[in-house]
Amino acid sequence: MTMSPISSPGATALLPVAGRVLMSAIFLVSGAGKLAAPAATLATIEAAHLPLPPLAYAAATSVEVVGGLLLIAGYRTRLVALILALFAVATAVTFHAALGDQNQMFHFLKNLAMAGGLLQVAAFGAGPFSLDARQGRA
């Protein structure tokens, strides 16, 4: 019986970490963008009529940067993935709900797709190359 390349032990070990790195990229880039342009980010938050814009800014930036780094490291991965999934859905509903605009529809669906991938990570864990695995939590 021949093993498919994806079911080989090496691929099975590498795919989860590759997925975590790729999913983290959007959060890290977005968080860095918020840190680089706080006034523009605060204006966007204010335009969405969210309460306490400075607190919302700090929370969003922290979730993206810290969550992205923790996801890459594979630390408390199930919880981090769940938080990032909820963040992605909340962002979709809050900032991309103008579904008549094709660009906003794209961003709305992108956020839902990210949440779906993150829910997979929450369900199945970080995989063998993670801090969770080293601590017996994979």
# chains A, B, ... in the order shown; residues from 1 in each chain; ligands from 1
call {"tool": "closest_atom_pairs", "arguments": {"of": "range 64-135 of chain A", "to": "range 6-15 of chain A", "cutoff": "8 Å", "atoms": "only C-alpha atoms", "output": "tab-separated table"}}
result
residue	atom	partner	partner_atom	distance
A:Gly127	CA	A:Ala13	CA	6.5
A:Pro128	CA	A:Ala13	CA	5.8
A:Phe129	CA	A:Ala13	CA	6.8
call {"tool": "write_last_selection", "arguments": {"atoms": "N, CA and C atoms", "output": "mmCIF file, in the first residue's frame"}}
result
data_model
loop_
_atom_site.group_PDB
_atom_site.id
_atom_site.type_symbol
_atom_site.label_atom_id
_atom_site.label_comp_id
_atom_site.auth_asym_id
_atom_site.auth_seq_id
_atom_site.Cartn_x
_atom_site.Cartn_y
_atom_site.Cartn_z
ATOM 1 N N GLY A 127 -0.788 20.604 16.657
ATOM 2 C CA GLY A 127 0.091 19.665 15.970
ATOM 3 C C GLY A 127 1.385 19.466 16.737
ATOM 4 N N PRO A 128 2.258 18.607 16.202
ATOM 5 C CA PRO A 128 3.454 18.209 16.950
ATOM 6 C C PRO A 128 4.533 19.281 17.099
ATOM 7 N N PHE A 129 4.627 20.224 16.166
ATOM 8 C CA PHE A 129 5.629 21.278 16.282
ATOM 9 C C PHE A 129 4.998 22.503 16.926
#
call {"tool": "residues_around", "arguments": {"residues": "range 115-123 of chain A", "least_positions_apart": "2", "cutoff": "12 Å", "atoms": "only C-alpha atoms", "output": "NGL selection string"}}
result
:A and (15-24 or 27 or 67-68 or 71-72 or 74-92 or 108-113 or 125-127 or 138)
call {"tool": "atom_distance", "arguments": {"atom1": "CA of Leu69 in chain A", "atom2": "CA of Leu28 in chain A"}}
result
7.5 Å
call {"tool": "atom_distance", "arguments": {"atom1": "CA of Thr94 in chain A", "atom2": "CA of Ala48 in chain A"}}
result
7.0 Å
call {"tool": "atom_distance", "arguments": {"atom1": "CA of Lys34 in chain A", "atom2": "CA of Met114 in chain A"}}
result
19.2 Å
call {"tool": "select_by_dssp", "arguments": {"residues": "range 6-137 of chain A", "states": "alpha helix (DSSP H)", "output": "mmCIF file with C-alpha atoms, in the first residue's frame"}}
result
data_model
loop_
_atom_site.group_PDB
_atom_site.id
_atom_site.type_symbol
_atom_site.label_atom_id
_atom_site.label_comp_id
_atom_site.auth_asym_id
_atom_site.auth_seq_id
_atom_site.Cartn_x
_atom_site.Cartn_y
_atom_site.Cartn_z
ATOM 1 C CA PRO A 9 4.501 11.433 8.829
ATOM 2 C CA GLY A 10 6.639 14.404 7.761
ATOM 3 C CA ALA A 11 3.776 16.200 6.044
ATOM 4 C CA THR A 12 1.384 15.401 8.850
ATOM 5 C CA ALA A 13 3.815 17.036 11.267
ATOM 6 C CA LEU A 14 4.581 20.080 9.078
ATOM 7 C CA LEU A 15 1.110 20.966 7.805
ATOM 8 C CA PRO A 16 -0.277 22.240 11.134
ATOM 9 C CA VAL A 17 2.672 24.577 11.780
ATOM 10 C CA ALA A 18 2.569 25.827 8.184
ATOM 11 C CA GLY A 19 -1.149 26.501 8.555
ATOM 12 C CA ARG A 20 -0.629 28.346 11.831
ATOM 13 C CA VAL A 21 2.083 30.554 10.305
ATOM 14 C CA LEU A 22 -0.032 31.354 7.245
ATOM 15 C CA MET A 23 -3.130 32.153 9.318
ATOM 16 C CA SER A 24 -1.092 34.322 11.674
ATOM 17 C CA ALA A 25 0.290 36.473 8.863
ATOM 18 C CA ILE A 26 -2.901 38.462 8.345
ATOM 19 C CA PHE A 27 -3.273 39.180 12.054
ATOM 20 C CA LEU A 28 0.354 40.239 12.459
ATOM 21 C CA VAL A 29 0.305 42.502 9.394
ATOM 22 C CA SER A 30 -2.997 44.043 10.445
ATOM 23 C CA GLY A 31 -1.788 44.582 14.012
ATOM 24 C CA ALA A 32 1.445 46.161 12.763
ATOM 25 C CA GLY A 33 -0.624 48.440 10.538
ATOM 26 C CA LYS A 34 -2.682 49.540 13.533
ATOM 27 C CA LEU A 35 0.496 50.266 15.499
ATOM 28 C CA ALA A 36 1.940 52.242 12.573
ATOM 29 C CA PRO A 38 -3.089 54.689 15.324
ATOM 30 C CA ALA A 39 -4.953 57.864 14.267
ATOM 31 C CA ALA A 40 -6.331 56.247 11.115
ATOM 32 C CA THR A 41 -7.316 53.127 13.046
ATOM 33 C CA LEU A 42 -9.036 55.175 15.750
ATOM 34 C CA ALA A 43 -10.931 57.104 13.043
ATOM 35 C CA THR A 44 -12.148 53.815 11.542
ATOM 36 C CA ILE A 45 -13.253 52.570 14.956
ATOM 37 C CA GLU A 46 -15.039 55.858 15.654
ATOM 38 C CA ALA A 47 -16.775 55.718 12.250
ATOM 39 C CA PRO A 53 -12.386 53.785 20.693
ATOM 40 C CA PRO A 54 -9.005 53.924 22.500
ATOM 41 C CA LEU A 55 -9.875 50.739 24.406
ATOM 42 C CA ALA A 56 -11.170 49.067 21.232
ATOM 43 C CA TYR A 57 -7.933 50.063 19.469
ATOM 44 C CA ALA A 58 -5.788 48.590 22.251
ATOM 45 C CA ALA A 59 -7.854 45.407 22.386
ATOM 46 C CA ALA A 60 -7.836 44.867 18.614
ATOM 47 C CA THR A 61 -4.117 45.524 18.317
ATOM 48 C CA SER A 62 -3.351 43.204 21.230
ATOM 49 C CA VAL A 63 -5.557 40.410 19.916
ATOM 50 C CA GLU A 64 -3.945 40.603 16.494
ATOM 51 C CA VAL A 65 -0.300 40.892 17.512
ATOM 52 C CA VAL A 66 -0.272 38.723 20.628
ATOM 53 C CA GLY A 67 -2.761 36.236 19.174
ATOM 54 C CA GLY A 68 -0.788 35.972 15.939
ATOM 55 C CA LEU A 69 2.462 35.322 17.782
ATOM 56 C CA LEU A 70 0.884 32.776 20.134
ATOM 57 C CA LEU A 71 -0.708 30.975 17.197
ATOM 58 C CA ILE A 72 2.667 30.681 15.451
ATOM 59 C CA ALA A 73 4.296 29.400 18.625
ATOM 60 C CA THR A 77 -3.450 27.160 20.586
ATOM 61 C CA ARG A 78 -7.038 25.977 20.936
ATOM 62 C CA LEU A 79 -8.009 28.979 23.074
ATOM 63 C CA VAL A 80 -6.025 31.451 20.946
ATOM 64 C CA ALA A 81 -7.581 30.076 17.740
ATOM 65 C CA LEU A 82 -11.057 30.394 19.249
ATOM 66 C CA ILE A 83 -10.405 34.007 20.288
ATOM 67 C CA LEU A 84 -9.028 34.870 16.845
ATOM 68 C CA ALA A 85 -12.020 33.176 15.180
ATOM 69 C CA LEU A 86 -14.445 35.223 17.277
ATOM 70 C CA PHE A 87 -12.413 38.358 16.516
ATOM 71 C CA ALA A 88 -12.564 37.609 12.775
ATOM 72 C CA VAL A 89 -16.353 37.167 12.871
ATOM 73 C CA ALA A 90 -16.833 40.301 15.005
ATOM 74 C CA THR A 91 -14.655 42.269 12.583
ATOM 75 C CA ALA A 92 -16.624 40.940 9.605
ATOM 76 C CA VAL A 93 -19.945 41.939 11.141
ATOM 77 C CA THR A 94 -18.723 45.315 12.427
ATOM 78 C CA PHE A 95 -16.555 46.577 9.579
ATOM 79 C CA GLN A 102 -18.417 43.704 -3.694
ATOM 80 C CA ASN A 103 -15.168 44.630 -1.920
ATOM 81 C CA GLN A 104 -16.839 44.532 1.497
ATOM 82 C CA MET A 105 -18.514 41.225 0.609
ATOM 83 C CA PHE A 106 -15.075 39.822 -0.233
ATOM 84 C CA HIS A 107 -13.643 40.979 3.108
ATOM 85 C CA PHE A 108 -16.694 39.662 4.966
ATOM 86 C CA LEU A 109 -16.287 36.211 3.374
ATOM 87 C CA LYS A 110 -12.488 36.297 3.906
ATOM 88 C CA ASN A 111 -13.052 36.868 7.613
ATOM 89 C CA LEU A 112 -15.565 34.023 7.771
ATOM 90 C CA ALA A 113 -13.105 31.728 5.966
ATOM 91 C CA MET A 114 -10.368 32.684 8.424
ATOM 92 C CA ALA A 115 -12.735 31.926 11.296
ATOM 93 C CA GLY A 116 -13.488 28.538 9.744
ATOM 94 C CA GLY A 117 -9.801 27.652 9.525
ATOM 95 C CA LEU A 118 -9.222 28.851 13.077
ATOM 96 C CA LEU A 119 -12.120 26.726 14.322
ATOM 97 C CA GLN A 120 -10.367 23.734 12.742
ATOM 98 C CA VAL A 121 -7.252 24.604 14.742
ATOM 99 C CA ALA A 122 -9.379 25.008 17.881
ATOM 100 C CA ALA A 123 -10.898 21.576 17.269
ATOM 101 C CA PHE A 124 -7.765 19.643 16.325
ATOM 102 C CA LEU A 131 4.709 24.634 22.535
ATOM 103 C CA ASP A 132 1.444 22.875 23.354
ATOM 104 C CA ALA A 133 2.868 19.553 22.148
ATOM 105 C CA ARG A 134 6.034 20.084 24.195
#
call {"tool": "decode", "arguments": {"residues": "range 25-44 of chain A", "atoms": "N, CA and C atoms", "output": "PDB file, in the first residue's frame"}}
result
ATOM      1  N   ALA A  25      -0.246  35.362   9.656  1.00  0.00           N
ATOM      2  CA  ALA A  25       0.290  36.473   8.863  1.00  0.00           C
ATOM      3  C   ALA A  25      -0.690  37.637   8.778  1.00  0.00           C
ATOM      4  N   ILE A  26      -1.944  37.366   8.511  1.00  0.00           N
ATOM      5  CA  ILE A  26      -2.901  38.462   8.345  1.00  0.00           C
ATOM      6  C   ILE A  26      -3.116  39.225   9.643  1.00  0.00           C
ATOM      7  N   PHE A  27      -3.096  38.511  10.769  1.00  0.00           N
ATOM      8  CA  PHE A  27      -3.273  39.180  12.054  1.00  0.00           C
ATOM      9  C   PHE A  27      -2.047  40.036  12.403  1.00  0.00           C
ATOM     10  N   LEU A  28      -0.862  39.495  12.148  1.00  0.00           N
ATOM     11  CA  LEU A  28       0.354  40.239  12.459  1.00  0.00           C
ATOM     12  C   LEU A  28       0.500  41.481  11.577  1.00  0.00           C
ATOM     13  N   VAL A  29       0.217  41.350  10.298  1.00  0.00           N
ATOM     14  CA  VAL A  29       0.305  42.502   9.394  1.00  0.00           C
ATOM     15  C   VAL A  29      -0.746  43.555   9.761  1.00  0.00           C
ATOM     16  N   SER A  30      -1.945  43.108  10.066  1.00  0.00           N
ATOM     17  CA  SER A  30      -2.997  44.043  10.445  1.00  0.00           C
ATOM     18  C   SER A  30      -2.672  44.738  11.765  1.00  0.00           C
ATOM     19  N   GLY A  31      -2.173  43.983  12.730  1.00  0.00           N
ATOM     20  CA  GLY A  31      -1.788  44.582  14.012  1.00  0.00           C
ATOM     21  C   GLY A  31      -0.656  45.577  13.849  1.00  0.00           C
ATOM     22  N   ALA A  32       0.336  45.236  13.024  1.00  0.00           N
ATOM     23  CA  ALA A  32       1.445  46.161  12.763  1.00  0.00           C
ATOM     24  C   ALA A  32       0.934  47.428  12.085  1.00  0.00           C
ATOM     25  N   GLY A  33      -0.032  47.273  11.191  1.00  0.00           N
ATOM     26  CA  GLY A  33      -0.624  48.440  10.538  1.00  0.00           C
ATOM     27  C   GLY A  33      -1.335  49.347  11.531  1.00  0.00           C
ATOM     28  N   LYS A  34      -2.016  48.742  12.491  1.00  0.00           N
ATOM     29  CA  LYS A  34      -2.682  49.540  13.533  1.00  0.00           C
ATOM     30  C   LYS A  34      -1.658  50.284  14.384  1.00  0.00           C
ATOM     31  N   LEU A  35      -0.554  49.620  14.709  1.00  0.00           N
ATOM     32  CA  LEU A  35       0.496  50.266  15.499  1.00  0.00           C
ATOM     33  C   LEU A  35       1.162  51.392  14.714  1.00  0.00           C
ATOM     34  N   ALA A  36       1.297  51.236  13.410  1.00  0.00           N
ATOM     35  CA  ALA A  36       1.940  52.242  12.573  1.00  0.00           C
ATOM     36  C   ALA A  36       1.046  53.446  12.306  1.00  0.00           C
ATOM     37  N   ALA A  37      -0.275  53.244  12.354  1.00  0.00           N
ATOM     38  CA  ALA A  37      -1.204  54.333  12.041  1.00  0.00           C
ATOM     39  C   ALA A  37      -2.346  54.373  13.056  1.00  0.00           C
ATOM     40  N   PRO A  38      -2.039  54.705  14.302  1.00  0.00           N
ATOM     41  CA  PRO A  38      -3.089  54.689  15.324  1.00  0.00           C
ATOM     42  C   PRO A  38      -4.221  55.684  15.051  1.00  0.00           C
ATOM     43  N   ALA A  39      -3.908  56.859  14.517  1.00  0.00           N
ATOM     44  CA  ALA A  39      -4.953  57.864  14.267  1.00  0.00           C
ATOM     45  C   ALA A  39      -5.944  57.365  13.221  1.00  0.00           C
ATOM     46  N   ALA A  40      -5.441  56.766  12.162  1.00  0.00           N
ATOM     47  CA  ALA A  40      -6.331  56.247  11.115  1.00  0.00           C
ATOM     48  C   ALA A  40      -7.179  55.096  11.659  1.00  0.00           C
ATOM     49  N   THR A  41      -6.577  54.256  12.470  1.00  0.00           N
ATOM     50  CA  THR A  41      -7.316  53.127  13.046  1.00  0.00           C
ATOM     51  C   THR A  41      -8.390  53.639  13.988  1.00  0.00           C
ATOM     52  N   LEU A  42      -8.045  54.601  14.832  1.00  0.00           N
ATOM     53  CA  LEU A  42      -9.036  55.175  15.750  1.00  0.00           C
ATOM     54  C   LEU A  42     -10.185  55.826  14.975  1.00  0.00           C
ATOM     55  N   ALA A  43      -9.881  56.489  13.866  1.00  0.00           N
ATOM     56  CA  ALA A  43     -10.931  57.104  13.043  1.00  0.00           C
ATOM     57  C   ALA A  43     -11.866  56.044  12.477  1.00  0.00           C
ATOM     58  N   THR A  44     -11.323  54.912  12.059  1.00  0.00           N
ATOM     59  CA  THR A  44     -12.148  53.815  11.542  1.00  0.00           C
ATOM     60  C   THR A  44     -13.039  53.246  12.636  1.00  0.00           C
TER      61      THR A  44
END
